[in-house]
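*Asks:* The following block contains the structure, expressed as structure tokens.
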Amino acid sequence: MNRKLLGLVPFLIFIFLCVFLYQGLFGNPREIQTGRLGHTMPEFSLPDLMDSDKIWTADSLKGEVYLMNVWGTWCPTCIAELGYLTELRERGVKIIGLYYEQAYDPDFGDQFDINALRQDVNNMLSRAGNPYQFNILDLERTLALDLGVSGAPETFLVDKQGKILLHHTGDINERVWRTKFAAIYQELAQ
Amino acid sequence: MKYVIVLLLMMITAAAQATEDKYNFATAEREQTFRELTHELRCPKCQNQNIADSDAVVAKDLRDKVIALVNEGQSKQEVIDYMIDRYGYFVHYQPPVTPATIVLWVLPVAIIILGFGFIVFRQKRAAKKQDWNAADEQKLTELINQYQRQEREQ
């Protein structure tokens, strides 16, 4: 009797490994959660993309539920999601853009042409739809680093107290919104 | 002539070697800390590269941040904690010991102990089985005699 049970041990280990590895098949390695989840928005002080004199801070964003969408005109997936995000805006969702400039590297003494960028952004938004209340320009990607952003597009859901509740890597579409955002957003917006 | 050209081309490619970025540090220890950190921190964009190895924008940003923090005099662990605060445990190649990951350390050791335990258990049981009495001795002598007789007769 005892011997039979002992003989089962390798089989049980095998079953355990099967279950363990099977789960791994469906994990998404690109789904990286920021370490900031559940914490408040990190402190920052960055200019508006369209008006360098206007400075946005973490405090100035408090008081409303909003999505912070990290994007850039260089990023095809970001362009693809502009349409759906614009739909969300029309449904009353407040979306703030965090403009992630990929090409700029101060180490190379890059000359940055803000007017060309504004022109580029305006062209893109008038063509693909404008979901943004406004855009924050994070030229040196400091806020992006503080948020644990690894690329674009990425989206954060932030509540009225400035707490980060969701972090989504990749585009937002109908399916993602319904499965991941809708329930929490409805609860917060009430 | 063709061979000469080919040979020359081969020499040119051999000269094109990978160069690593050069950074300036106040002390040799800080440079050492920077090297260790960039090999231990994982690039969030490219999955299986460390930030020293990757050319992704975010890897460059993380390298620059590591330099800045090391130059401020922060320790290795402080820099690692800074990165984990932002990018989660993903960013460090050394996973933390938590209830969810403890199995990574326990399972290999448990399997080795179990295996050795099994060997010892089996040997002990095999040894215990050999109880030998006079009847067995008698039977053995008979068998030996029998075979010896057979061999002599052949």
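As shown in the structure tokens, the chain order sets the letters A, B, ...; within each chain, residues go from 1, and ligands are also counted from 1 in the order they appear.
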Taking only C-alpha atoms into account, which residues of chain B are within 12 Å of chain A, as a ChimeraX atom specification?

*Replies:* /B:21,23,42-48,56-66,81-91,103,107-108,110-111,114-115,117-118,121-122,125

*Asks:* Store the residues picked out above in a file with N, CA and C atoms, as a tab-separated table (two decimals), in the first residue's frame.

*Replies:*
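Now in selection_34.tsv:
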chain	number	residue	atom	x	y	z
B	21	ASP	N	29.96	51.94	-24.76
B	21	ASP	CA	29.93	53.36	-24.40
B	21	ASP	C	30.95	53.63	-23.30
B	23	TYR	N	31.91	55.98	-20.15
B	23	TYR	CA	31.37	56.96	-19.22
B	23	TYR	C	32.46	57.32	-18.22
B	42	ARG	N	17.30	44.33	-16.00
B	42	ARG	CA	16.75	43.78	-17.22
B	42	ARG	C	16.02	44.87	-18.01
B	43	CYS	N	16.22	44.86	-19.30
B	43	CYS	CA	15.57	45.85	-20.16
B	43	CYS	C	14.06	45.55	-20.21
B	44	PRO	N	13.20	46.53	-19.87
B	44	PRO	CA	11.75	46.25	-19.85
B	44	PRO	C	11.16	46.07	-21.25
B	45	LYS	N	11.88	46.53	-22.27
B	45	LYS	CA	11.32	46.48	-23.61
B	45	LYS	C	11.70	45.19	-24.34
B	46	CYS	N	12.89	44.66	-24.05
B	46	CYS	CA	13.40	43.60	-24.92
B	46	CYS	C	13.50	42.25	-24.21
B	47	GLN	N	12.89	42.14	-23.05
B	47	GLN	CA	12.68	40.85	-22.36
B	47	GLN	C	13.94	40.11	-21.94
B	48	ASN	N	14.76	39.68	-22.90
B	48	ASN	CA	15.88	38.83	-22.50
B	48	ASN	C	17.24	39.46	-22.71
B	56	ALA	N	17.54	49.64	-26.91
B	56	ALA	CA	16.21	50.26	-26.82
B	56	ALA	C	16.33	51.62	-26.10
B	57	VAL	N	15.42	52.53	-26.44
B	57	VAL	CA	15.45	53.87	-25.85
B	57	VAL	C	15.37	53.77	-24.32
B	58	VAL	N	14.47	52.89	-23.86
B	58	VAL	CA	14.26	52.80	-22.41
B	58	VAL	C	15.51	52.24	-21.72
B	59	ALA	N	16.24	51.36	-22.39
B	59	ALA	CA	17.47	50.81	-21.81
B	59	ALA	C	18.52	51.91	-21.67
B	60	LYS	N	18.59	52.77	-22.66
B	60	LYS	CA	19.52	53.91	-22.60
B	60	LYS	C	19.13	54.85	-21.47
B	61	ASP	N	17.81	55.11	-21.34
B	61	ASP	CA	17.34	55.97	-20.26
B	61	ASP	C	17.67	55.38	-18.90
B	62	LEU	N	17.51	54.07	-18.78
B	62	LEU	CA	17.81	53.42	-17.49
B	62	LEU	C	19.30	53.47	-17.21
B	63	ARG	N	20.11	53.26	-18.24
B	63	ARG	CA	21.58	53.36	-18.05
B	63	ARG	C	21.94	54.76	-17.56
B	64	ASP	N	21.38	55.77	-18.22
B	64	ASP	CA	21.69	57.16	-17.83
B	64	ASP	C	21.28	57.41	-16.38
B	65	LYS	N	20.10	56.83	-16.00
B	65	LYS	CA	19.63	57.03	-14.64
B	65	LYS	C	20.56	56.33	-13.65
B	66	VAL	N	21.02	55.13	-14.01
B	66	VAL	CA	21.95	54.40	-13.14
B	66	VAL	C	23.22	55.22	-12.95
B	81	ASP	N	16.55	49.14	-5.81
B	81	ASP	CA	15.25	49.46	-5.22
B	81	ASP	C	14.55	50.58	-6.00
B	82	TYR	N	15.34	51.56	-6.43
B	82	TYR	CA	14.80	52.68	-7.22
B	82	TYR	C	14.13	52.15	-8.49
B	83	MET	N	14.80	51.21	-9.16
B	83	MET	CA	14.27	50.67	-10.41
B	83	MET	C	13.05	49.77	-10.16
B	84	ILE	N	13.10	48.98	-9.09
B	84	ILE	CA	11.98	48.09	-8.78
B	84	ILE	C	10.74	48.91	-8.42
B	85	ASP	N	10.94	50.07	-7.73
B	85	ASP	CA	9.83	50.96	-7.42
B	85	ASP	C	9.08	51.36	-8.68
B	86	ARG	N	9.82	51.52	-9.78
B	86	ARG	CA	9.21	52.02	-11.02
B	86	ARG	C	8.80	50.91	-11.97
B	87	TYR	N	9.68	49.94	-12.15
B	87	TYR	CA	9.41	48.92	-13.18
B	87	TYR	C	9.00	47.56	-12.60
B	88	GLY	N	8.88	47.48	-11.30
B	88	GLY	CA	8.48	46.21	-10.70
B	88	GLY	C	9.64	45.23	-10.65
B	89	TYR	N	9.38	44.02	-10.12
B	89	TYR	CA	10.43	43.01	-9.96
B	89	TYR	C	10.97	42.54	-11.30
B	90	PHE	N	10.20	42.78	-12.35
B	90	PHE	CA	10.60	42.38	-13.69
B	90	PHE	C	11.98	42.91	-14.06
B	91	VAL	N	12.29	44.09	-13.57
B	91	VAL	CA	13.49	44.80	-14.04
B	91	VAL	C	14.78	44.22	-13.47
B	103	VAL	N	8.99	28.43	-4.26
B	103	VAL	CA	9.08	27.11	-4.88
B	103	VAL	C	10.34	26.97	-5.74
B	107	LEU	N	12.01	23.66	-4.41
B	107	LEU	CA	11.76	22.47	-5.23
B	107	LEU	C	13.04	21.70	-5.60
B	108	PRO	N	14.08	22.36	-6.12
B	108	PRO	CA	15.29	21.61	-6.49
B	108	PRO	C	15.89	20.88	-5.29
B	110	ALA	N	14.35	20.00	-2.52
B	110	ALA	CA	13.42	18.95	-2.10
B	110	ALA	C	13.56	17.72	-2.99
B	111	ILE	N	13.73	17.93	-4.29
B	111	ILE	CA	13.85	16.79	-5.20
B	111	ILE	C	15.14	16.01	-4.93
B	114	LEU	N	14.69	14.13	-1.64
B	114	LEU	CA	13.76	13.03	-1.88
B	114	LEU	C	14.45	11.87	-2.59
B	115	GLY	N	15.26	12.22	-3.59
B	115	GLY	CA	15.97	11.20	-4.38
B	115	GLY	C	16.93	10.40	-3.52
B	117	GLY	N	16.93	10.19	-0.27
B	117	GLY	CA	16.11	9.49	0.73
B	117	GLY	C	15.61	8.17	0.17
B	118	PHE	N	15.18	8.22	-1.08
B	118	PHE	CA	14.65	7.03	-1.73
B	118	PHE	C	15.72	5.95	-1.87
B	121	PHE	N	16.50	4.51	1.57
B	121	PHE	CA	15.36	3.70	1.98
B	121	PHE	C	15.39	2.32	1.33
B	122	ARG	N	15.69	2.32	0.02
B	122	ARG	CA	15.69	1.06	-0.72
B	122	ARG	C	16.80	0.14	-0.27
B	125	ARG	N	16.04	-1.43	3.10
B	125	ARG	CA	15.04	-2.48	3.01
B	125	ARG	C	15.63	-3.75	2.44

*Asks:* Report as a PyMOL selection string all protein, DNA and RNA residues lying within 12 Å of A:Leu117, evaluated on only C-alpha atoms, omitting residues in the same chain fewer than 2 positions from it.

*Replies:* chain A and resi 49-50+72-74+99-104+112-115+119-124+137+139

*Asks:* How many Å lie between atom CA of A:Asp59 and atom CA of B:Ala68, rounded to one decimal?

*Replies:*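 Interatomic distance here is 26.2 Å.
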
*Asks:* Near A:Leu82, counting only C-alpha atoms, which residues have an atom at most 7 Å away, once you skip same-chain residues fewer than 5 positions from it, shown as a list in words?

*Replies:*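 The residues satisfying every condition are Ala128, Gly129, Asn130 and Pro131 of chain A.
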
*Asks:* Generate a file of the selected residues that holds N, CA and C atoms, formatted as a compact mmCIF listing (two decimals), in the first residue's frame.

*Replies:*
# COMPACT_ATOMS: atom_id res chain seq x y z
N ALA A 128 -6.44 61.64 -37.53
CA ALA A 128 -6.85 60.38 -36.91
C ALA A 128 -7.82 60.57 -35.75
N GLY A 129 -8.07 61.82 -35.37
CA GLY A 129 -8.95 62.07 -34.22
C GLY A 129 -8.14 62.56 -33.04
N ASN A 130 -8.72 63.46 -32.26
CA ASN A 130 -8.00 64.01 -31.11
C ASN A 130 -8.69 63.64 -29.81
N PRO A 131 -8.17 62.64 -29.09
CA PRO A 131 -8.81 62.22 -27.85
C PRO A 131 -8.36 63.03 -26.64

*Asks:* Pick the closest to A:Ser126 from A:Gly92, A:Gly83, A:Gly170, A:Pro76: which is it, counting only C-alpha atoms?

*Replies:* A:Gly83

*Asks:* I need the residues of stretch 42-186 of chain A that end up classed as strand (DSSP E) by DSSP on the backbone, written out as number ranges by chain.

*Replies:* A: 45-47, 55-57, 66-71, 95-100, 135-138, 154-158, 164-169
